[in-house]
$ cat query24.txt   # compact mmCIF, C-alpha atoms
# COMPACT_ATOMS: atom_id res chain seq x y z
CA MET A 1 105.53 -17.25 -87.96
CA ASN A 2 104.23 -20.81 -87.93
CA LEU A 3 101.20 -22.57 -86.54
CA ILE A 4 100.28 -26.23 -86.41
CA VAL A 5 96.50 -26.28 -86.80
CA ASN A 6 94.73 -29.62 -86.38
CA GLY A 7 98.01 -31.40 -87.07
CA ARG A 8 98.91 -29.47 -90.22
CA GLU A 9 101.70 -26.92 -90.33
CA HIS A 10 101.04 -23.48 -91.79
CA GLU A 11 103.24 -20.48 -92.39
CA ILE A 12 101.46 -17.36 -91.20
CA THR A 13 101.74 -14.02 -92.99
CA SER A 14 99.28 -11.94 -90.90
CA PRO A 15 100.86 -9.11 -88.84
CA PRO A 16 101.96 -9.97 -85.24
CA LEU A 17 99.06 -8.14 -83.56
CA THR A 18 96.37 -9.99 -85.51
CA PRO A 19 94.02 -12.00 -83.27
CA LEU A 20 94.43 -15.78 -83.69
CA LEU A 21 90.70 -15.82 -84.48
CA HIS A 22 91.20 -13.72 -87.60
CA VAL A 23 94.22 -15.76 -88.70
CA LEU A 24 92.19 -18.97 -88.44
CA ARG A 25 89.10 -17.63 -90.16
CA GLU A 26 90.54 -15.29 -92.78
CA GLU A 27 94.04 -16.53 -93.56
CA LEU A 28 93.51 -20.28 -93.08
CA GLU A 29 89.75 -20.37 -93.79
CA ILE A 30 89.05 -22.49 -90.72
CA THR A 31 85.67 -21.13 -89.73
CA SER A 32 84.44 -23.16 -86.76
CA PRO A 33 85.77 -20.57 -84.26
CA LYS A 34 83.06 -17.94 -84.55
CA ALA A 35 83.62 -14.20 -84.42
CA GLY A 36 81.06 -13.45 -81.72
CA CYS A 37 81.64 -10.57 -79.34
CA GLN A 38 85.35 -10.35 -80.25
CA GLN A 39 86.18 -9.03 -76.81
CA GLY A 40 86.54 -12.23 -74.79
CA GLY A 41 83.02 -12.25 -73.43
CA CYS A 42 81.12 -14.98 -75.26
CA GLY A 43 83.43 -17.98 -75.69
CA THR A 44 82.42 -19.15 -79.16
CA CYS A 45 85.95 -18.48 -80.54
CA THR A 46 87.63 -20.77 -77.99
CA VAL A 47 90.31 -23.08 -79.39
CA LEU A 48 92.95 -25.29 -77.78
CA VAL A 49 96.43 -23.78 -77.69
CA ASP A 50 98.88 -26.58 -76.87
CA GLY A 51 95.93 -28.44 -75.37
CA GLU A 52 94.59 -25.61 -73.20
CA PRO A 53 91.38 -23.73 -74.03
CA ARG A 54 91.91 -20.04 -74.76
CA ARG A 55 89.96 -17.28 -76.45
CA SER A 56 91.31 -16.94 -79.98
CA CYS A 57 89.95 -13.35 -80.17
CA LEU A 58 92.13 -12.33 -77.19
CA THR A 59 95.26 -14.10 -78.40
CA ALA A 60 97.67 -12.13 -80.59
CA ILE A 61 99.18 -14.38 -83.23
CA ALA A 62 102.77 -13.44 -82.28
CA THR A 63 102.23 -14.80 -78.75
CA VAL A 64 101.41 -18.31 -80.04
CA ASP A 65 104.07 -18.54 -82.76
CA GLY A 66 104.93 -22.22 -83.20
CA ALA A 67 102.04 -23.46 -81.06
CA SER A 68 99.76 -26.36 -81.80
CA ILE A 69 96.13 -25.27 -82.26
CA THR A 70 93.09 -27.53 -82.18
CA THR A 71 89.74 -26.27 -83.43
CA LEU A 72 86.42 -28.08 -83.68
CA GLU A 73 87.52 -29.36 -87.11
CA GLY A 74 90.33 -31.26 -85.39
CA LEU A 75 88.09 -33.15 -82.97
CA GLY A 76 85.92 -35.31 -85.21
CA GLU A 77 84.38 -35.84 -88.64
CA ALA A 78 80.70 -35.98 -89.56
CA GLU A 79 80.98 -39.77 -89.83
CA SER A 80 83.07 -40.22 -86.69
CA LEU A 81 82.07 -37.67 -84.07
CA SER A 82 84.20 -37.16 -80.96
CA PRO A 83 82.52 -38.28 -77.69
CA VAL A 84 81.53 -34.70 -76.81
CA GLN A 85 80.22 -34.03 -80.31
CA ALA A 86 78.23 -37.29 -80.27
CA ALA A 87 76.76 -36.41 -76.85
CA PHE A 88 75.77 -32.93 -78.06
CA HIS A 89 74.07 -34.54 -81.06
CA GLU A 90 72.29 -37.29 -79.16
CA LEU A 91 71.12 -35.12 -76.28
CA TYR A 92 70.03 -32.14 -78.39
CA ALA A 93 72.60 -29.81 -76.84
CA ALA A 94 72.79 -27.55 -79.89
CA GLN A 95 70.03 -25.12 -80.72
CA CYS A 96 71.08 -22.34 -83.09
CA GLY A 97 74.61 -23.73 -82.91
CA PHE A 98 76.54 -20.47 -82.79
CA CYS A 99 78.05 -21.14 -79.35
CA THR A 100 78.56 -24.86 -80.02
CA PRO A 101 82.16 -24.75 -81.37
CA GLY A 102 83.46 -23.08 -78.21
CA MET A 103 81.31 -25.22 -75.93
CA VAL A 104 82.55 -28.47 -77.53
CA VAL A 105 86.22 -27.43 -77.56
CA ALA A 106 86.17 -26.24 -73.92
CA SER A 107 84.25 -29.36 -72.81
CA THR A 108 86.73 -31.61 -74.60
CA ALA A 109 89.61 -29.94 -72.70
CA LEU A 110 87.74 -30.43 -69.41
CA LEU A 111 87.19 -34.14 -70.09
CA GLU A 112 90.85 -34.63 -71.06
CA ARG A 113 91.98 -32.88 -67.87
CA VAL A 114 89.69 -34.81 -65.53
CA GLY A 115 89.95 -38.14 -67.35
CA GLY A 116 86.71 -39.55 -65.91
CA PRO A 117 83.19 -38.56 -64.90
CA VAL A 118 82.81 -34.83 -64.26
CA SER A 119 80.37 -33.19 -61.87
CA ARG A 120 77.85 -30.50 -62.76
CA GLU A 121 80.02 -28.00 -60.86
CA ASP A 122 83.09 -28.97 -62.96
CA VAL A 123 81.13 -28.25 -66.14
CA LEU A 124 79.75 -24.95 -64.84
CA GLU A 125 83.26 -23.86 -63.89
CA ALA A 126 84.73 -24.87 -67.27
CA LEU A 127 81.90 -23.35 -69.34
CA GLY A 128 81.26 -20.38 -67.04
CA GLY A 129 82.52 -17.92 -69.64
CA HIS A 130 80.57 -19.42 -72.56
CA TYR A 131 77.28 -17.84 -73.53
CA CYS A 132 74.39 -19.68 -75.18
CA ARG A 133 71.87 -17.02 -76.12
CA CYS A 134 69.29 -19.72 -76.84
CA THR A 135 69.82 -20.37 -73.09
CA GLY A 136 70.08 -24.10 -73.76
CA TYR A 137 72.45 -24.64 -70.86
CA VAL A 138 70.67 -27.59 -69.22
CA LYS A 139 71.11 -29.89 -72.22
CA ILE A 140 74.67 -28.70 -72.81
CA VAL A 141 75.68 -29.52 -69.23
CA ASP A 142 73.85 -32.87 -69.39
CA ALA A 143 75.65 -33.73 -72.64
CA VAL A 144 79.11 -32.96 -71.26
CA MET A 145 78.40 -35.06 -68.16
CA ALA A 146 77.09 -37.93 -70.31
CA ALA A 147 80.17 -37.78 -72.54
CA SER A 148 82.42 -37.91 -69.47
CA ARG A 149 80.67 -41.09 -68.31
CA GLY A 150 81.04 -42.65 -71.76
CA GLU A 151 77.26 -42.77 -72.16
CA VAL A 152 77.37 -42.12 -75.86
CA GLY A 153 76.11 -44.78 -78.23
CA GLU A 154 75.52 -44.94 -81.93
CA VAL A 155 74.45 -41.74 -83.58
CA ARG A 156 70.70 -42.15 -83.83
CA ASP A 157 68.48 -40.88 -86.60
CA MET A 158 65.39 -38.90 -85.73
CA PRO A 159 62.38 -41.27 -85.57
CA SER A 160 60.22 -41.05 -88.68
CA PRO A 161 56.42 -41.17 -88.36
CA GLU A 162 54.94 -44.68 -88.60
CA ASP A 163 52.32 -45.45 -91.26
CA GLY A 164 48.92 -44.24 -90.14
CA GLU A 165 50.30 -41.72 -87.58
CA PRO A 166 48.46 -38.41 -87.80
CA ASP A 167 50.21 -35.56 -89.60
CA VAL A 168 50.97 -33.05 -86.83
CA THR A 169 52.26 -30.32 -89.12
CA ILE A 170 50.51 -27.08 -88.24
CA LYS A 171 48.77 -25.59 -91.26
CA GLY A 172 50.34 -22.33 -92.37
CA SER A 173 53.44 -22.86 -90.23
CA PRO A 174 56.71 -22.11 -91.99
CA ALA A 175 58.02 -25.42 -90.61
CA MET B 1 100.09 -1.15 -88.59
CA ALA B 2 101.98 -1.14 -85.33
CA ALA B 3 105.59 -2.20 -85.16
CA ALA B 4 105.81 -5.18 -82.81
CA LEU B 5 108.82 -5.20 -80.49
CA ILE B 6 109.42 -8.66 -79.05
CA PRO B 7 112.24 -8.62 -76.46
CA THR B 8 113.75 -11.93 -75.33
CA SER B 9 115.08 -10.83 -71.91
CA PRO B 10 114.01 -8.45 -69.10
CA GLU B 11 117.01 -6.22 -69.92
CA GLU B 12 116.03 -5.98 -73.58
CA ALA B 13 112.43 -5.21 -72.55
CA ALA B 14 113.64 -2.36 -70.31
CA SER B 15 115.89 -1.00 -73.01
CA LEU B 16 113.19 -1.12 -75.73
CA PHE B 17 110.74 0.54 -73.32
CA GLY B 18 113.17 3.37 -72.61
CA GLU B 19 111.16 6.17 -71.04
CA GLY B 20 107.93 4.81 -72.46
CA LYS B 21 107.56 7.37 -75.22
CA ASP B 22 105.31 6.10 -78.05
CA VAL B 23 105.40 2.59 -76.59
CA THR B 24 102.27 0.59 -75.84
CA VAL B 25 102.99 -2.22 -73.39
CA PHE B 26 101.29 -5.44 -74.47
CA GLY B 27 101.11 -8.00 -71.64
CA GLY B 28 98.52 -10.71 -72.29
CA GLY B 29 96.55 -8.39 -74.53
CA THR B 30 93.09 -9.26 -73.19
CA ILE B 31 92.28 -5.55 -72.93
CA LEU B 32 94.39 -4.19 -75.79
CA LEU B 33 93.83 -6.73 -78.57
CA PRO B 34 90.06 -6.18 -78.99
CA GLU B 35 90.72 -2.42 -79.06
CA ILE B 36 93.41 -2.83 -81.73
CA ALA B 37 91.33 -5.33 -83.77
CA ALA B 38 88.33 -3.00 -83.72
CA GLY B 39 90.46 -0.08 -84.90
CA ARG B 40 89.91 1.98 -81.74
CA LEU B 41 93.59 1.86 -80.75
CA HIS B 42 96.53 2.41 -83.06
CA PRO B 43 99.80 1.78 -81.22
CA THR B 44 102.90 3.19 -82.91
CA ARG B 45 105.12 0.60 -81.28
CA ALA B 46 103.77 -2.36 -79.30
CA LEU B 47 106.12 -3.86 -76.73
CA MET B 48 105.03 -7.51 -76.62
CA LEU B 49 106.32 -9.16 -73.45
CA HIS B 50 105.49 -12.84 -73.99
CA LYS B 51 109.13 -13.84 -74.58
CA SER B 52 110.70 -11.32 -72.19
CA GLY B 53 111.21 -13.77 -69.31
CA LEU B 54 109.21 -11.55 -66.93
CA ASP B 55 106.84 -14.42 -66.10
CA SER B 56 108.69 -16.00 -63.17
CA LEU B 57 106.69 -16.79 -60.05
CA ASP B 58 108.69 -17.46 -56.88
CA THR B 59 106.72 -18.57 -53.85
CA SER B 60 109.45 -20.62 -52.18
CA GLY B 61 110.76 -18.03 -49.70
CA ASP B 62 109.36 -15.53 -47.20
CA VAL B 63 108.82 -13.03 -50.02
CA VAL B 64 106.40 -13.90 -52.82
CA ARG B 65 107.77 -12.56 -56.12
CA ILE B 66 105.50 -12.35 -59.14
CA GLY B 67 106.88 -11.43 -62.57
CA ALA B 68 104.75 -8.85 -64.40
CA THR B 69 103.73 -11.22 -67.19
CA THR B 70 102.78 -14.12 -64.91
CA THR B 71 99.33 -15.17 -66.12
CA LEU B 72 96.45 -15.14 -63.68
CA ALA B 73 96.07 -18.89 -64.29
CA ALA B 74 99.69 -19.47 -63.24
CA LEU B 75 99.20 -17.21 -60.20
CA ILE B 76 96.16 -19.22 -59.09
CA ASP B 77 98.05 -22.50 -59.57
CA GLY B 78 101.06 -21.25 -57.63
CA THR B 79 99.56 -19.33 -54.71
CA ASP B 80 96.83 -19.75 -52.11
CA ASP B 81 96.37 -16.50 -50.24
CA LEU B 82 94.38 -13.24 -50.27
CA LEU B 83 95.61 -12.39 -53.78
CA THR B 84 94.45 -15.78 -55.12
CA ARG B 85 90.88 -15.17 -53.88
CA PHE B 86 90.65 -12.08 -56.10
CA ALA B 87 92.50 -13.56 -59.10
CA GLU B 88 89.98 -16.42 -59.19
CA HIS B 89 87.22 -13.94 -60.02
CA VAL B 90 88.88 -12.29 -63.01
CA GLY B 91 87.16 -13.32 -66.26
CA ASP B 92 87.00 -17.09 -66.67
CA GLY B 93 89.67 -19.80 -66.91
CA GLU B 94 90.29 -19.17 -70.59
CA VAL B 95 90.75 -15.43 -70.14
CA ARG B 96 93.01 -16.05 -67.11
CA ARG B 97 95.36 -18.19 -69.24
CA THR B 98 96.11 -15.07 -71.29
CA ALA B 99 95.66 -12.16 -68.83
CA THR B 100 98.72 -11.08 -66.82
CA VAL B 101 99.19 -9.78 -63.27
CA GLY B 102 100.99 -6.63 -64.48
CA GLY B 103 98.23 -5.90 -66.99
CA ASN B 104 95.55 -6.30 -64.35
CA LEU B 105 97.40 -3.96 -61.98
CA CYS B 106 97.76 -1.27 -64.64
CA ALA B 107 94.27 -1.63 -66.17
CA THR B 108 92.42 1.66 -66.56
CA PRO B 109 88.61 1.86 -66.51
CA GLY B 110 86.87 0.29 -69.50
CA ILE B 111 83.64 1.25 -71.21
CA GLY B 112 81.09 1.35 -68.40
CA ALA B 113 83.15 -0.54 -65.80
CA GLN B 114 86.13 -0.21 -63.50
CA ARG B 115 88.89 -2.78 -64.10
CA GLY B 116 91.78 -4.25 -62.17
CA ASP B 117 90.74 -6.47 -59.26
CA LEU B 118 94.23 -7.21 -57.92
CA GLY B 119 94.96 -3.69 -56.64
CA ALA B 120 92.92 -4.13 -53.44
CA PRO B 121 94.59 -7.37 -52.20
CA LEU B 122 98.06 -6.14 -53.22
CA ILE B 123 97.56 -2.96 -51.15
CA ALA B 124 96.31 -5.01 -48.18
CA LEU B 125 99.33 -7.32 -48.46
CA GLY B 126 101.72 -4.35 -48.49
CA ALA B 127 103.02 -5.28 -51.95
CA ARG B 128 105.86 -3.42 -53.65
CA VAL B 129 106.07 -2.76 -57.39
CA ARG B 130 109.43 -2.88 -59.17
CA SER B 131 109.31 -0.86 -62.38
CA THR B 132 111.64 0.79 -64.85
CA GLY B 133 111.40 3.89 -67.04
CA LYS B 134 112.59 7.47 -66.74
CA GLY B 135 115.28 7.67 -64.04
CA GLY B 136 115.85 3.90 -64.13
CA GLU B 137 114.59 1.11 -61.95
CA ARG B 138 112.71 1.76 -58.70
CA THR B 139 110.66 -0.16 -56.14
CA GLU B 140 107.74 1.50 -54.38
CA PRO B 141 104.58 0.59 -52.44
CA VAL B 142 101.78 -0.47 -54.77
CA GLU B 143 99.48 2.38 -53.63
CA ASP B 144 102.19 4.92 -54.53
CA PHE B 145 102.70 3.28 -57.91
CA LEU B 146 98.96 3.38 -58.63
CA SER B 147 98.54 7.02 -57.63
CA GLY B 148 101.68 8.14 -59.48
CA ASP B 149 102.46 8.65 -63.16
CA ARG B 150 102.24 5.09 -64.47
CA ALA B 151 102.38 6.02 -68.15
CA GLY B 152 106.17 6.20 -68.18
CA ARG B 153 106.74 3.02 -66.16
CA LEU B 154 107.18 -0.60 -67.20
CA VAL B 155 106.26 -3.02 -64.39
CA LEU B 156 108.91 -5.71 -63.96
CA SER B 157 107.67 -7.55 -60.88
CA ILE B 158 105.49 -7.35 -57.81
CA GLU B 159 106.50 -8.72 -54.41
CA TYR B 160 105.07 -8.99 -50.92
CA ASP B 161 106.07 -10.59 -47.63
CA ARG B 162 104.24 -13.86 -47.18
CA PRO B 163 101.22 -12.90 -45.03
CA ASN B 164 101.63 -14.25 -41.50
CA GLY B 165 98.62 -12.44 -40.04
CA ASN B 166 94.90 -12.66 -40.72
CA THR B 167 93.34 -11.66 -44.00
CA ALA B 168 89.74 -11.22 -45.13
CA CYS B 169 87.95 -10.08 -48.27
CA GLN B 170 84.56 -8.98 -49.49
CA MET B 171 83.65 -8.77 -53.16
CA MET B 172 80.51 -7.55 -54.84
CA ARG B 173 79.91 -8.21 -58.53
CA ARG B 174 77.21 -9.21 -60.98
CA ARG B 175 76.72 -12.94 -61.16
CA HIS B 176 78.43 -13.96 -64.36
CA ALA B 177 81.94 -14.76 -65.41
CA HIS B 178 82.79 -11.50 -67.12
CA SER B 179 81.40 -8.92 -64.80
CA TYR B 180 83.88 -6.48 -63.38
CA ALA B 181 83.72 -5.72 -59.68
CA ILE B 182 81.28 -3.26 -58.15
CA VAL B 183 83.16 -3.13 -54.83
CA ASN B 184 86.28 -5.03 -53.71
CA VAL B 185 87.55 -4.87 -50.13
CA ALA B 186 90.73 -6.62 -48.98
CA VAL B 187 92.05 -6.40 -45.41
CA CYS B 188 95.17 -7.81 -43.77
CA GLU B 189 96.30 -7.51 -40.16
CA THR B 190 99.89 -8.32 -39.26
CA ASN B 191 101.14 -7.86 -35.67
CA GLY B 192 98.32 -5.44 -34.90
CA GLU B 193 98.91 -3.37 -38.02
CA LEU B 194 95.83 -3.17 -40.26
CA ARG B 195 95.98 -2.54 -44.02
CA VAL B 196 92.86 -1.95 -46.11
CA GLY B 197 92.74 -1.97 -49.94
CA ILE B 198 89.71 -0.95 -52.00
CA SER B 199 89.17 -1.47 -55.73
CA GLY B 200 86.32 -1.50 -58.21
CA VAL B 201 84.82 1.76 -56.92
CA GLY B 202 87.00 4.15 -58.94
CA ALA B 203 89.67 4.34 -61.62
CA MET B 204 92.46 2.87 -59.50
CA ALA B 205 92.72 0.86 -56.30
CA VAL B 206 93.31 2.96 -53.16
CA ARG B 207 94.53 2.38 -49.62
CA ALA B 208 91.93 3.30 -46.98
CA ARG B 209 94.22 4.83 -44.35
CA SER B 210 91.38 6.41 -42.35
CA VAL B 211 89.83 2.99 -41.72
CA GLU B 212 93.24 1.56 -40.85
CA GLN B 213 93.59 4.17 -38.09
CA SER B 214 90.04 4.39 -36.73
CA ARG B 215 88.73 0.90 -37.60
CA ASN B 216 85.45 2.65 -38.30
CA PRO B 217 83.99 1.30 -41.60
CA ASP B 218 82.17 4.58 -42.31
CA ASP B 219 85.52 6.36 -42.55
CA VAL B 220 86.20 4.57 -45.83
CA LEU B 221 84.31 7.35 -47.62
CA LYS B 222 87.01 9.80 -46.42
CA ASP B 223 89.56 7.88 -48.51
CA VAL B 224 87.50 6.87 -51.52
CA GLU B 225 85.25 8.79 -53.89
CA PRO B 226 83.07 6.13 -55.60
CA VAL B 227 82.13 6.66 -59.24
CA SER B 228 79.06 5.79 -61.33
CA ASP B 229 79.34 3.40 -64.26
CA ALA B 230 77.21 0.85 -66.12
CA LEU B 231 77.48 -1.65 -63.24
CA ALA B 232 76.47 0.54 -60.31
CA SER B 233 75.79 4.14 -59.35
CA ALA B 234 78.11 6.12 -57.11
CA ASP B 235 75.24 6.36 -54.62
CA TYR B 236 74.89 2.58 -54.46
CA ARG B 237 78.63 2.14 -54.05
CA ARG B 238 78.66 4.75 -51.23
CA LYS B 239 76.06 2.66 -49.40
CA MET B 240 77.67 -0.72 -50.05
CA LEU B 241 81.31 0.19 -49.44
CA PRO B 242 81.10 0.84 -45.65
CA LEU B 243 78.93 -2.27 -45.28
CA LEU B 244 81.48 -4.48 -47.02
CA VAL B 245 84.35 -2.92 -45.06
CA ARG B 246 82.42 -3.69 -41.85
CA ARG B 247 81.92 -7.31 -42.95
CA ALA B 248 85.59 -7.68 -43.83
CA LEU B 249 86.67 -6.30 -40.44
CA ASP B 250 84.19 -8.58 -38.63
CA GLN B 251 85.52 -11.53 -40.61
CA LEU B 252 89.06 -10.56 -39.61
CA GLU B 253 88.11 -10.46 -35.93
CA SER B 254 86.42 -13.85 -35.96
CA ALA B 255 89.25 -15.48 -37.93
$ encode --input "query24.txt" --output "structure tokens"
Amino acid sequence: MNLIVNGREHEITSPPLTPLLHVLREELEITSPKAGCQQGGCGTCTVLVDGEPRRSCLTAIATVDGASITTLEGLGEAESLSPVQAAFHELYAAQCGFCTPGMVVASTALLERVGGPVSREDVLEALGGHYCRCTGYVKIVDAVMAASRGEVGEVRDMPSPEDGEPDVTIKGSPA
Amino acid sequence: MAAALIPTSPEEAASLFGEGKDVTVFGGGTILLPEIAAGRLHPTRALMLHKSGLDSLDTSGDVVRIGATTTLAALIDGTDDLLTRFAEHVGDGEVRRTATVGGNLCATPGIGAQRGDLGAPLIALGARVRSTGKGGERTEPVEDFLSGDRAGRLVLSIEYDRPNGNTACQMMRRRHAHSYAIVNVAVCETNGELRVGISGVGAMAVRARSVEQSRNPDDVLKDVEPVSDALASADYRRKMLPLLVRRALDQLESA
């Protein structure tokens, strides 16, 4: 069996009934698709199969033999984020980050399909099966909508305290 | 590790299935794959149908024909009727790109929930199931297929006459993408003949013939014995079922 993952061709030796998720993570060591619930319920393992978002944990490798797979690694680099990645970064749409790979991949597919500004309802429909257990949905939805409107600028650094600003670190806090 | 059988035509699929002995039919795999990956299911031989050519969807004529491995996403794209309304509520878009119509029809109850939403609308639409197995190919009403011995049958296709009467549906489920149904009611009236399908309340979808004859929603409990699971108690389902049947019938009348 063969897979093209993020533009690179791989020969696959895992057995036919191995989930695509396990092939990506364990055989190819591509670890952005997370092994969350592993029963199709959480959405953090979502990847693009020939451009369409699907759960890699529910996809047997034999059924996608020869397909082109895109994971988060195929969307952007740290120095050149994709529009959705940049919007997630700028608008603080990631908290613990565990759901982020699936959210970004599914949102990217939505934006490609629509090709212009998306509504809140579009985003809720597209991400309806993705769980964020930090419950950070508001910022995620805002980020996807901003990315669809092209409202993503330069990646900004966090502001550093000016000279003379009071130190607000709480004494004894692990932060 | 299971031997994977990957037929490349419907005929080859039927021949590899034989009488279904020691064969696990793998449609989309949305139910089976997590079970296999977790080591809870060990198929001897897995009949994987993704290349079998059983995924044709024909909506051009007076009879809608749906191949067993048509994905729910393809079904939703290609149809707009009572069946579509139920298919839209299965999982989310990403699950529906993998899940198949045949798999949904044959789904047995899962851990803590009933599965298989499409049984109710298919019963209401008077659908027929074409399957093969012991004794060869046969076509039968969907309610007969569901109440019979499905273990030795391989579903090839499902067909129904394009509905030319009124249809209505009522669904009750938890409010998130992956919740299975608590109660599904689908009704269809063609030339004065009423058909009522119920799913989500027990292991398999059933036809509510008592309601069809009397048009009394309370009679639904003569046809259906609701079960308890993690989503709802049998008692709750017994209270909700007649209510939802009443709403569906009212909706039909005002249509």
$ atom_distance --input "query24.txt" --atom1 "CA of Ile6 (chain B)" --atom2 "CA of Met48 (chain B)"
5.1 Å
$ closest_residue --input "query24.txt" --among "A:Pro19, A:Gly164, A:Gly51, A:Gly115" --to "chain B" --atoms "only C-alpha atoms"
A:Pro19
$ interface_residues --input "query24.txt" --of "chain A" --to "chain B" --cutoff "10 Å" --atoms "only C-alpha atoms" --output "PyMOL selection string"
chain A and resi 15-19+22+37-43+46-48+52-60+62-64+106+125-131
$ closest_residue --input "query24.txt" --among "B:Ala151, B:Leu125, B:Ala68, B:Gly202" --to "Lys21 (chain B)" --atoms "all atoms listed in the file"
B:Ala151
$ residues_around --input "query24.txt" --residues "Leu83 (chain B)" --least-positions-apart "4" --cutoff "8 Å" --atoms "all atoms listed in the file" --output "list in words"
Ala87, Leu118, Pro121 and Leu122 of chain B
